[in-house]
file final_31.cif (mmCIF, C-alpha atoms)
data_data
loop_
_atom_site.group_PDB
_atom_site.id
_atom_site.type_symbol
_atom_site.label_atom_id
_atom_site.label_comp_id
_atom_site.auth_asym_id
_atom_site.auth_seq_id
_atom_site.Cartn_x
_atom_site.Cartn_y
_atom_site.Cartn_z
ATOM 1 C CA MET A 8 0.000 0.000 0.000
ATOM 2 C CA THR A 9 1.334 3.446 -0.925
ATOM 3 C CA SER A 10 1.518 6.086 1.765
ATOM 4 C CA SER A 11 -0.305 9.387 1.322
ATOM 5 C CA LYS A 12 2.975 11.323 1.399
ATOM 6 C CA SER A 13 4.588 9.329 -1.409
ATOM 7 C CA ALA A 14 1.369 9.408 -3.434
ATOM 8 C CA ARG A 15 1.335 13.214 -3.216
ATOM 9 C CA GLN A 16 5.000 13.392 -4.286
ATOM 10 C CA THR A 17 4.118 11.147 -7.214
ATOM 11 C CA ASP A 18 1.339 13.626 -8.140
ATOM 12 C CA ILE A 19 3.785 16.521 -8.458
ATOM 13 C CA ILE A 20 6.422 14.449 -10.250
ATOM 14 C CA ASN A 21 3.834 13.325 -12.812
ATOM 15 C CA ALA A 22 2.655 16.933 -13.236
ATOM 16 C CA VAL A 23 6.115 18.252 -14.185
ATOM 17 C CA GLN A 24 7.016 15.398 -16.533
ATOM 18 C CA VAL A 25 4.715 16.709 -19.231
ATOM 19 C CA GLN A 26 5.692 19.418 -21.696
ATOM 20 C CA ASP A 27 3.435 21.999 -20.019
ATOM 21 C CA PRO A 28 2.541 21.325 -16.379
ATOM 22 C CA GLY A 29 -0.116 24.046 -16.662
ATOM 23 C CA SER A 30 1.086 25.869 -13.583
ATOM 24 C CA ALA A 31 3.992 28.018 -12.431
ATOM 25 C CA LEU A 32 6.746 26.619 -10.227
ATOM 26 C CA ILE A 33 6.541 28.219 -6.756
ATOM 27 C CA VAL A 34 9.395 28.433 -4.232
ATOM 28 C CA LEU A 35 8.568 28.945 -0.548
ATOM 29 C CA TYR A 36 10.912 29.520 2.398
ATOM 30 C CA ASP A 37 10.347 28.725 6.083
ATOM 31 C CA ILE A 38 12.898 30.462 8.313
ATOM 32 C CA GLU A 39 13.256 29.401 11.937
ATOM 33 C CA LEU A 40 13.128 32.304 14.367
ATOM 34 C CA PHE A 41 13.092 31.437 18.061
ATOM 35 C CA ASP A 42 11.084 29.166 20.365
ATOM 36 C CA GLY A 43 9.892 27.177 17.365
ATOM 37 C CA ASN A 44 8.328 30.195 15.635
ATOM 38 C CA MET A 45 8.779 30.454 11.881
ATOM 39 C CA ALA A 46 8.699 33.217 9.285
ATOM 40 C CA HIS A 47 7.278 32.290 5.872
ATOM 41 C CA PHE A 48 8.354 34.016 2.640
ATOM 42 C CA THR A 49 8.118 33.600 -1.105
ATOM 43 C CA PRO A 50 9.790 35.506 -3.940
ATOM 44 C CA PHE A 51 6.603 34.993 -6.001
ATOM 45 C CA ASN A 52 4.457 38.005 -6.817
ATOM 46 C CA ASP A 53 2.001 37.541 -9.654
ATOM 47 C CA GLU A 54 0.356 40.017 -11.966
ATOM 48 C CA ASP A 55 -2.671 40.212 -9.657
ATOM 49 C CA GLY A 56 -0.472 41.934 -7.082
ATOM 50 C CA LEU A 57 -1.024 39.322 -4.385
ATOM 51 C CA SER A 58 1.140 40.044 -1.381
ATOM 52 C CA SER A 59 0.773 36.546 0.097
ATOM 53 C CA LEU A 60 0.413 32.920 -0.929
ATOM 54 C CA PHE A 61 -1.108 30.165 1.186
ATOM 55 C CA PHE A 62 0.171 26.607 1.446
ATOM 56 C CA ARG A 63 -0.438 23.770 3.854
ATOM 57 C CA ASP A 64 2.118 23.139 6.602
ATOM 58 C CA PHE A 65 3.873 19.772 6.305
ATOM 59 C CA ARG A 66 3.889 19.311 10.111
ATOM 60 C CA THR A 67 0.252 20.131 10.866
ATOM 61 C CA ASP A 68 -3.051 20.672 9.071
ATOM 62 C CA ASN A 69 -2.613 24.442 9.341
ATOM 63 C CA VAL A 70 -2.482 26.650 6.280
ATOM 64 C CA LEU A 71 0.526 28.977 6.325
ATOM 65 C CA GLU A 72 0.697 32.460 4.855
ATOM 66 C CA TYR A 73 3.829 33.149 2.784
ATOM 67 C CA THR A 74 4.570 36.859 2.428
ATOM 68 C CA ALA A 75 5.893 37.898 -0.983
ATOM 69 C CA ILE A 76 9.178 39.799 -0.644
ATOM 70 C CA PRO A 77 12.058 40.224 -3.079
ATOM 71 C CA ILE A 78 14.292 37.170 -2.606
ATOM 72 C CA MET A 79 17.007 35.936 -4.925
ATOM 73 C CA ALA A 80 18.547 32.574 -4.097
ATOM 74 C CA GLU A 81 21.166 30.673 -6.039
ATOM 75 C CA GLY A 82 23.574 27.801 -5.622
ATOM 76 C CA PHE A 83 21.129 25.050 -4.633
ATOM 77 C CA ASP A 84 22.999 22.589 -6.853
ATOM 78 C CA VAL A 85 22.908 18.943 -5.871
ATOM 79 C CA SER A 86 25.903 16.737 -6.590
ATOM 80 C CA SER A 87 26.959 13.332 -5.382
ATOM 81 C CA GLU A 88 30.614 14.330 -5.575
ATOM 82 C CA GLY A 89 32.686 17.002 -3.886
ATOM 83 C CA ALA A 90 31.684 19.485 -1.232
ATOM 84 C CA TYR A 91 28.086 20.313 -0.387
ATOM 85 C CA SER A 92 26.654 23.404 -1.997
ATOM 86 C CA ARG A 93 26.657 26.672 -0.051
ATOM 87 C CA PRO A 94 23.667 28.563 -1.453
ATOM 88 C CA VAL A 95 23.367 32.303 -1.123
ATOM 89 C CA MET A 96 20.009 33.884 -0.330
ATOM 90 C CA THR A 97 19.732 37.625 -0.905
ATOM 91 C CA VAL A 98 16.698 39.279 0.648
ATOM 92 C CA ALA A 99 15.603 42.872 0.116
ATOM 93 C CA ASN A 100 15.430 44.906 3.297
ATOM 94 C CA ILE A 101 13.450 47.838 1.974
ATOM 95 C CA SER A 102 12.089 49.940 4.837
ATOM 96 C CA ASN A 103 13.209 47.261 7.323
ATOM 97 C CA LEU A 104 10.508 44.904 5.989
ATOM 98 C CA LEU A 105 12.693 41.871 6.601
ATOM 99 C CA HIS A 106 13.786 43.006 10.062
ATOM 100 C CA ASP A 107 10.159 43.580 11.107
ATOM 101 C CA SER A 108 9.083 40.220 9.636
ATOM 102 C CA PHE A 109 11.651 38.486 11.824
ATOM 103 C CA GLY A 110 9.993 39.880 14.928
ATOM 104 C CA GLY A 111 12.666 42.519 15.429
ATOM 105 C CA LEU A 112 15.542 40.021 15.566
ATOM 106 C CA ASP A 113 18.902 41.337 14.468
ATOM 107 C CA PHE A 114 20.167 39.540 11.393
ATOM 108 C CA GLU A 115 23.155 38.219 13.365
ATOM 109 C CA GLN A 116 20.701 36.357 15.629
ATOM 110 C CA LEU A 117 19.606 34.317 12.590
ATOM 111 C CA ILE A 118 23.013 32.644 12.260
ATOM 112 C CA GLY A 119 22.562 28.953 13.022
ATOM 113 C CA ARG A 120 18.809 29.003 12.255
ATOM 114 C CA LYS A 121 17.180 26.608 9.796
ATOM 115 C CA VAL A 122 15.923 27.626 6.365
ATOM 116 C CA THR A 123 13.570 25.149 4.687
ATOM 117 C CA ARG A 124 13.129 25.488 0.928
ATOM 118 C CA ARG A 125 9.817 24.149 -0.392
ATOM 119 C CA ILE A 126 8.915 23.852 -4.072
ATOM 120 C CA THR A 127 5.449 23.210 -5.488
ATOM 121 C CA LEU A 128 3.248 24.210 -8.397
ATOM 122 C CA ALA A 129 0.846 27.153 -8.250
ATOM 123 C CA LYS A 130 -2.109 24.829 -8.773
ATOM 124 C CA TYR A 131 -1.323 23.137 -5.450
ATOM 125 C CA LEU A 132 -1.413 26.356 -3.418
ATOM 126 C CA TYR A 133 -4.258 26.595 -0.942
ATOM 127 C CA GLN A 134 -6.255 29.341 -2.665
ATOM 128 C CA ALA A 135 -5.710 27.788 -6.097
ATOM 129 C CA SER A 136 -7.389 24.550 -5.164
ATOM 130 C CA ASN A 137 -10.910 23.832 -4.048
ATOM 131 C CA ASP A 138 -9.620 20.913 -1.997
ATOM 132 C CA VAL A 139 -9.928 21.941 1.633
ATOM 133 C CA ALA A 140 -9.497 18.413 2.944
ATOM 134 C CA SER A 141 -6.663 17.765 5.337
ATOM 135 C CA GLY A 142 -3.611 15.889 4.236
ATOM 136 C CA SER A 143 0.003 16.444 3.421
ATOM 137 C CA PRO A 144 0.814 19.171 0.896
ATOM 138 C CA ILE A 145 1.765 18.291 -2.663
ATOM 139 C CA GLU A 146 5.374 19.387 -3.061
ATOM 140 C CA PHE A 147 8.832 18.244 -4.072
ATOM 141 C CA PRO A 148 11.070 16.931 -1.283
ATOM 142 C CA ARG A 149 12.044 19.798 1.021
ATOM 143 C CA THR A 150 15.654 20.879 1.501
ATOM 144 C CA VAL A 151 16.886 22.246 4.811
ATOM 145 C CA PHE A 152 19.877 24.528 5.226
ATOM 146 C CA ILE A 153 21.431 26.417 8.118
ATOM 147 C CA ILE A 154 22.220 30.132 7.969
ATOM 148 C CA ASP A 155 25.999 29.991 8.226
ATOM 149 C CA ARG A 156 26.930 33.645 8.017
ATOM 150 C CA ILE A 157 25.941 37.058 6.755
ATOM 151 C CA LYS A 158 27.911 37.522 3.569
ATOM 152 C CA GLU A 159 26.842 41.120 3.025
ATOM 153 C CA LYS A 160 24.488 43.580 4.678
ATOM 154 C CA ASN A 161 23.510 47.088 3.652
ATOM 155 C CA VAL A 162 20.431 49.322 3.714
ATOM 156 C CA LEU A 163 18.943 47.638 0.630
ATOM 157 C CA GLN A 164 19.601 43.951 1.166
ATOM 158 C CA VAL A 165 20.932 41.193 3.361
ATOM 159 C CA MET A 166 22.889 38.310 1.814
ATOM 160 C CA PHE A 167 22.950 35.075 3.823
ATOM 161 C CA GLU A 168 25.289 32.179 3.064
ATOM 162 C CA LEU A 169 23.661 28.829 3.837
ATOM 163 C CA SER A 170 25.246 25.485 4.588
#

call {"tool": "encode", "arguments": {"input": "final_31.cif", "output": "structure tokens"}}
result
Amino acid sequence: MTSSKSARQTDIINAVQVQDPGSALIVLYDIELFDGNMAHFTPFNDEDGLSSLFFRDFRTDNVLEYTAIPIMAEGFDVSSEGAYSRPVMTVANISNLLHDSFGGLDFEQLIGRKVTRRITLAKYLYQASNDVASGSPIEFPRTVFIIDRIKEKNVLQVMFELS
């Protein structure tokens, strides 16, 4: 018997193996703050001007709100040889938006915190589907990184190196 989790991963794998999956690829980030609290962000901002996306939590049945902010991330390469990748995530800090979203934490306090990268299709987002039943979200396998250091910080952006 196939588990619900693997069946849902099969759904997304089958969806992207066609020439046109019929839906945009969506990247979501969960950033650990303190005492188990999380901040949820996405670089996605569609033509409708939505400021948030909603996606089911993989730990609970709750639906999480992902705030759209300018994020550029690169270096998530996967290789079976050599050193592990050290991705860089650059986040805009316009008007202290990022600082306020982190509950007032200084960026240095984020060093050592987990960043979970989640990838799905737009059609599997909460508001895009009429399916309100509980169950695990339909997404690719999650990747978890640790904020290793602040590579660069200025009034416009903060660049985190992950490990």

call {"tool": "resolve_selection", "arguments": {"input": "final_31.cif", "expression": "the PyMOL selection byres ((chain A and resi 128) around 6)", "output": "VMD selection string"}}
result
chain A and resid 30 to 33 127 129 to 131

call {"tool": "atom_distance", "arguments": {"input": "final_31.cif", "atom1": "CA of Thr97 (chain A)", "atom2": "CA of Arg125 (chain A)"}}
result
16.7 Å

call {"tool": "closest_atom_pairs", "arguments": {"input": "final_31.cif", "of": "region 31-80 of chain A", "to": "region 153-158 of chain A", "cutoff": "12 Å", "atoms": "all atoms listed in the file", "output": "Markdown table"}}
result
| residue | atom | partner | partner_atom | distance |
| --- | --- | --- | --- | --- |
| A:Asp37 | CA | A:Ile153 | CA | 11.5 |
| A:Ile38 | CA | A:Ile154 | CA | 9.3 |
| A:Glu39 | CA | A:Ile153 | CA | 9.5 |
| A:Leu40 | CA | A:Ile154 | CA | 11.3 |

call {"tool": "closest_residue", "arguments": {"input": "final_31.cif", "among": "A:Thr150, A:Gly43, A:Met166, A:Asp18", "to": "Val85 (chain A)", "atoms": "all atoms listed in the file"}}
result
A:Thr150

call {"tool": "residues_around", "arguments": {"input": "final_31.cif", "residues": "Pro50 (chain A)", "least_positions_apart": "5", "cutoff": "9 Å", "atoms": "all atoms listed in the file", "output": "list in words"}}
result
Ile33, Val34, Leu35, Tyr36, Thr74, Ala75, Ile76, Pro77, Ile78 and Met79 of chain A

call {"tool": "atom_distance", "arguments": {"input": "final_31.cif", "atom1": "CA of Phe152 (chain A)", "atom2": "CA of Arg124 (chain A)"}}
result
8.1 Å

call {"tool": "closest_residue", "arguments": {"input": "final_31.cif", "among": "A:Lys160, A:Arg93, A:Asp42, A:Tyr133", "to": "Asp113 (chain A)", "atoms": "only C-alpha atoms"}}
result
A:Lys160

call {"tool": "atom_distance", "arguments": {"input": "final_31.cif", "atom1": "CA of Thr67 (chain A)", "atom2": "CA of Gln24 (chain A)"}}
result
28.6 Å

call {"tool": "closest_residue", "arguments": {"input": "final_31.cif", "among": "A:Phe48, A:Phe61, A:Gly119, A:Gly29", "to": "Gln134 (chain A)", "atoms": "only C-alpha atoms"}}
result
A:Phe61

call {"tool": "closest_residue", "arguments": {"input": "final_31.cif", "among": "A:Ala80, A:Ile19, A:Leu132, A:Ile126", "to": "Pro94 (chain A)", "atoms": "all atoms listed in the file"}}
result
A:Ala80

call {"tool": "closest_residue", "arguments": {"input": "final_31.cif", "among": "A:Pro148, A:Thr49, A:Val98, A:Arg120", "to": "Asn161 (chain A)", "atoms": "all atoms listed in the file"}}
result
A:Val98

call {"tool": "decode", "arguments": {"input": "final_31.cif", "residues": "region 159-170 of chain A", "atoms": "all heavy atoms", "output": "PDB file, in the first residue's frame"}}
result
ATOM      1  N   GLU A 159      26.861  39.680   3.286  1.00  0.00           N
ATOM      2  CA  GLU A 159      26.842  41.120   3.025  1.00  0.00           C
ATOM      3  C   GLU A 159      25.566  41.696   3.615  1.00  0.00           C
ATOM      4  O   GLU A 159      24.517  41.066   3.593  1.00  0.00           O
ATOM      5  CB  GLU A 159      26.879  41.371   1.515  1.00  0.00           C
ATOM      6  CG  GLU A 159      26.859  42.815   1.113  1.00  0.00           C
ATOM      7  CD  GLU A 159      26.825  42.983  -0.407  1.00  0.00           C
ATOM      8  OE1 GLU A 159      27.440  42.172  -1.121  1.00  0.00           O
ATOM      9  OE2 GLU A 159      26.160  43.928  -0.853  1.00  0.00           O
ATOM     10  N   LYS A 160      25.665  42.908   4.130  1.00  0.00           N
ATOM     11  CA  LYS A 160      24.488  43.580   4.678  1.00  0.00           C
ATOM     12  C   LYS A 160      24.617  45.063   4.404  1.00  0.00           C
ATOM     13  O   LYS A 160      25.651  45.667   4.660  1.00  0.00           O
ATOM     14  CB  LYS A 160      24.397  43.316   6.183  1.00  0.00           C
ATOM     15  CG  LYS A 160      23.247  44.031   6.880  1.00  0.00           C
ATOM     16  CD  LYS A 160      23.122  43.629   8.348  1.00  0.00           C
ATOM     17  CE  LYS A 160      24.255  44.151   9.171  1.00  0.00           C
ATOM     18  NZ  LYS A 160      24.076  43.977  10.615  1.00  0.00           N
ATOM     19  N   ASN A 161      23.553  45.647   3.841  1.00  0.00           N
ATOM     20  CA  ASN A 161      23.510  47.088   3.652  1.00  0.00           C
ATOM     21  C   ASN A 161      22.060  47.542   3.779  1.00  0.00           C
ATOM     22  O   ASN A 161      21.190  46.748   4.121  1.00  0.00           O
ATOM     23  CB  ASN A 161      24.159  47.507   2.317  1.00  0.00           C
ATOM     24  CG  ASN A 161      23.502  46.858   1.120  1.00  0.00           C
ATOM     25  OD1 ASN A 161      22.269  46.836   1.002  1.00  0.00           O
ATOM     26  ND2 ASN A 161      24.307  46.327   0.207  1.00  0.00           N
ATOM     27  N   VAL A 162      21.781  48.802   3.501  1.00  0.00           N
ATOM     28  CA  VAL A 162      20.431  49.322   3.714  1.00  0.00           C
ATOM     29  C   VAL A 162      19.413  48.732   2.751  1.00  0.00           C
ATOM     30  O   VAL A 162      18.207  48.762   3.025  1.00  0.00           O
ATOM     31  CB  VAL A 162      20.386  50.863   3.635  1.00  0.00           C
ATOM     32  CG1 VAL A 162      21.199  51.481   4.744  1.00  0.00           C
ATOM     33  CG2 VAL A 162      20.863  51.357   2.277  1.00  0.00           C
ATOM     34  N   LEU A 163      19.870  48.174   1.620  1.00  0.00           N
ATOM     35  CA  LEU A 163      18.943  47.638   0.630  1.00  0.00           C
ATOM     36  C   LEU A 163      18.719  46.140   0.712  1.00  0.00           C
ATOM     37  O   LEU A 163      17.678  45.639   0.324  1.00  0.00           O
ATOM     38  CB  LEU A 163      19.427  47.994  -0.791  1.00  0.00           C
ATOM     39  CG  LEU A 163      19.501  49.474  -1.102  1.00  0.00           C
ATOM     40  CD1 LEU A 163      20.074  49.680  -2.493  1.00  0.00           C
ATOM     41  CD2 LEU A 163      18.132  50.117  -0.974  1.00  0.00           C
ATOM     42  N   GLN A 164      19.713  45.404   1.191  1.00  0.00           N
ATOM     43  CA  GLN A 164      19.601  43.951   1.166  1.00  0.00           C
ATOM     44  C   GLN A 164      20.475  43.296   2.226  1.00  0.00           C
ATOM     45  O   GLN A 164      21.403  43.895   2.735  1.00  0.00           O
ATOM     46  CB  GLN A 164      19.994  43.406  -0.202  1.00  0.00           C
ATOM     47  CG  GLN A 164      21.455  43.605  -0.529  1.00  0.00           C
ATOM     48  CD  GLN A 164      21.801  43.174  -1.941  1.00  0.00           C
ATOM     49  OE1 GLN A 164      20.931  43.041  -2.782  1.00  0.00           O
ATOM     50  NE2 GLN A 164      23.076  42.952  -2.206  1.00  0.00           N
ATOM     51  N   VAL A 165      20.140  42.032   2.486  1.00  0.00           N
ATOM     52  CA  VAL A 165      20.932  41.193   3.361  1.00  0.00           C
ATOM     53  C   VAL A 165      21.217  39.914   2.588  1.00  0.00           C
ATOM     54  O   VAL A 165      20.308  39.306   2.022  1.00  0.00           O
ATOM     55  CB  VAL A 165      20.199  40.864   4.675  1.00  0.00           C
ATOM     56  CG1 VAL A 165      21.046  39.970   5.557  1.00  0.00           C
ATOM     57  CG2 VAL A 165      19.805  42.123   5.406  1.00  0.00           C
ATOM     58  N   MET A 166      22.486  39.515   2.547  1.00  0.00           N
ATOM     59  CA  MET A 166      22.889  38.310   1.814  1.00  0.00           C
ATOM     60  C   MET A 166      23.364  37.282   2.833  1.00  0.00           C
ATOM     61  O   MET A 166      24.340  37.492   3.544  1.00  0.00           O
ATOM     62  CB  MET A 166      24.002  38.641   0.832  1.00  0.00           C
ATOM     63  CG  MET A 166      24.397  37.489  -0.069  1.00  0.00           C
ATOM     64  SD  MET A 166      25.755  37.911  -1.197  1.00  0.00           S
ATOM     65  CE  MET A 166      25.013  39.216  -2.170  1.00  0.00           C
ATOM     66  N   PHE A 167      22.616  36.153   2.906  1.00  0.00           N
ATOM     67  CA  PHE A 167      22.950  35.075   3.823  1.00  0.00           C
ATOM     68  C   PHE A 167      23.627  33.947   3.060  1.00  0.00           C
ATOM     69  O   PHE A 167      23.165  33.571   1.976  1.00  0.00           O
ATOM     70  CB  PHE A 167      21.692  34.504   4.477  1.00  0.00           C
ATOM     71  CG  PHE A 167      20.916  35.482   5.307  1.00  0.00           C
ATOM     72  CD1 PHE A 167      19.752  36.066   4.833  1.00  0.00           C
ATOM     73  CD2 PHE A 167      21.341  35.811   6.597  1.00  0.00           C
ATOM     74  CE1 PHE A 167      19.025  36.957   5.607  1.00  0.00           C
ATOM     75  CE2 PHE A 167      20.621  36.699   7.383  1.00  0.00           C
ATOM     76  CZ  PHE A 167      19.464  37.278   6.876  1.00  0.00           C
ATOM     77  N   GLU A 168      24.701  33.389   3.622  1.00  0.00           N
ATOM     78  CA  GLU A 168      25.289  32.179   3.064  1.00  0.00           C
ATOM     79  C   GLU A 168      24.773  31.013   3.877  1.00  0.00           C
ATOM     80  O   GLU A 168      24.818  31.016   5.114  1.00  0.00           O
ATOM     81  CB  GLU A 168      26.817  32.227   3.113  1.00  0.00           C
ATOM     82  CG  GLU A 168      27.446  31.023   2.438  1.00  0.00           C
ATOM     83  CD  GLU A 168      28.946  31.134   2.389  1.00  0.00           C
ATOM     84  OE1 GLU A 168      29.455  31.809   1.463  1.00  0.00           O
ATOM     85  OE2 GLU A 168      29.615  30.548   3.265  1.00  0.00           O
ATOM     86  N   LEU A 169      24.250  30.000   3.182  1.00  0.00           N
ATOM     87  CA  LEU A 169      23.661  28.829   3.837  1.00  0.00           C
ATOM     88  C   LEU A 169      24.597  27.642   3.736  1.00  0.00           C
ATOM     89  O   LEU A 169      25.417  27.561   2.838  1.00  0.00           O
ATOM     90  CB  LEU A 169      22.315  28.495   3.169  1.00  0.00           C
ATOM     91  CG  LEU A 169      21.321  29.655   2.989  1.00  0.00           C
ATOM     92  CD1 LEU A 169      20.078  29.156   2.261  1.00  0.00           C
ATOM     93  CD2 LEU A 169      20.968  30.275   4.308  1.00  0.00           C
ATOM     94  N   SER A 170      24.455  26.728   4.657  1.00  0.00           N
ATOM     95  CA  SER A 170      25.246  25.485   4.588  1.00  0.00           C
ATOM     96  C   SER A 170      24.352  24.311   4.876  1.00  0.00           C
ATOM     97  O   SER A 170      23.250  24.466   5.381  1.00  0.00           O
ATOM     98  CB  SER A 170      26.419  25.535   5.567  1.00  0.00           C
ATOM     99  OG  SER A 170      25.962  25.634   6.889  1.00  0.00           O
TER     100      SER A 170
END
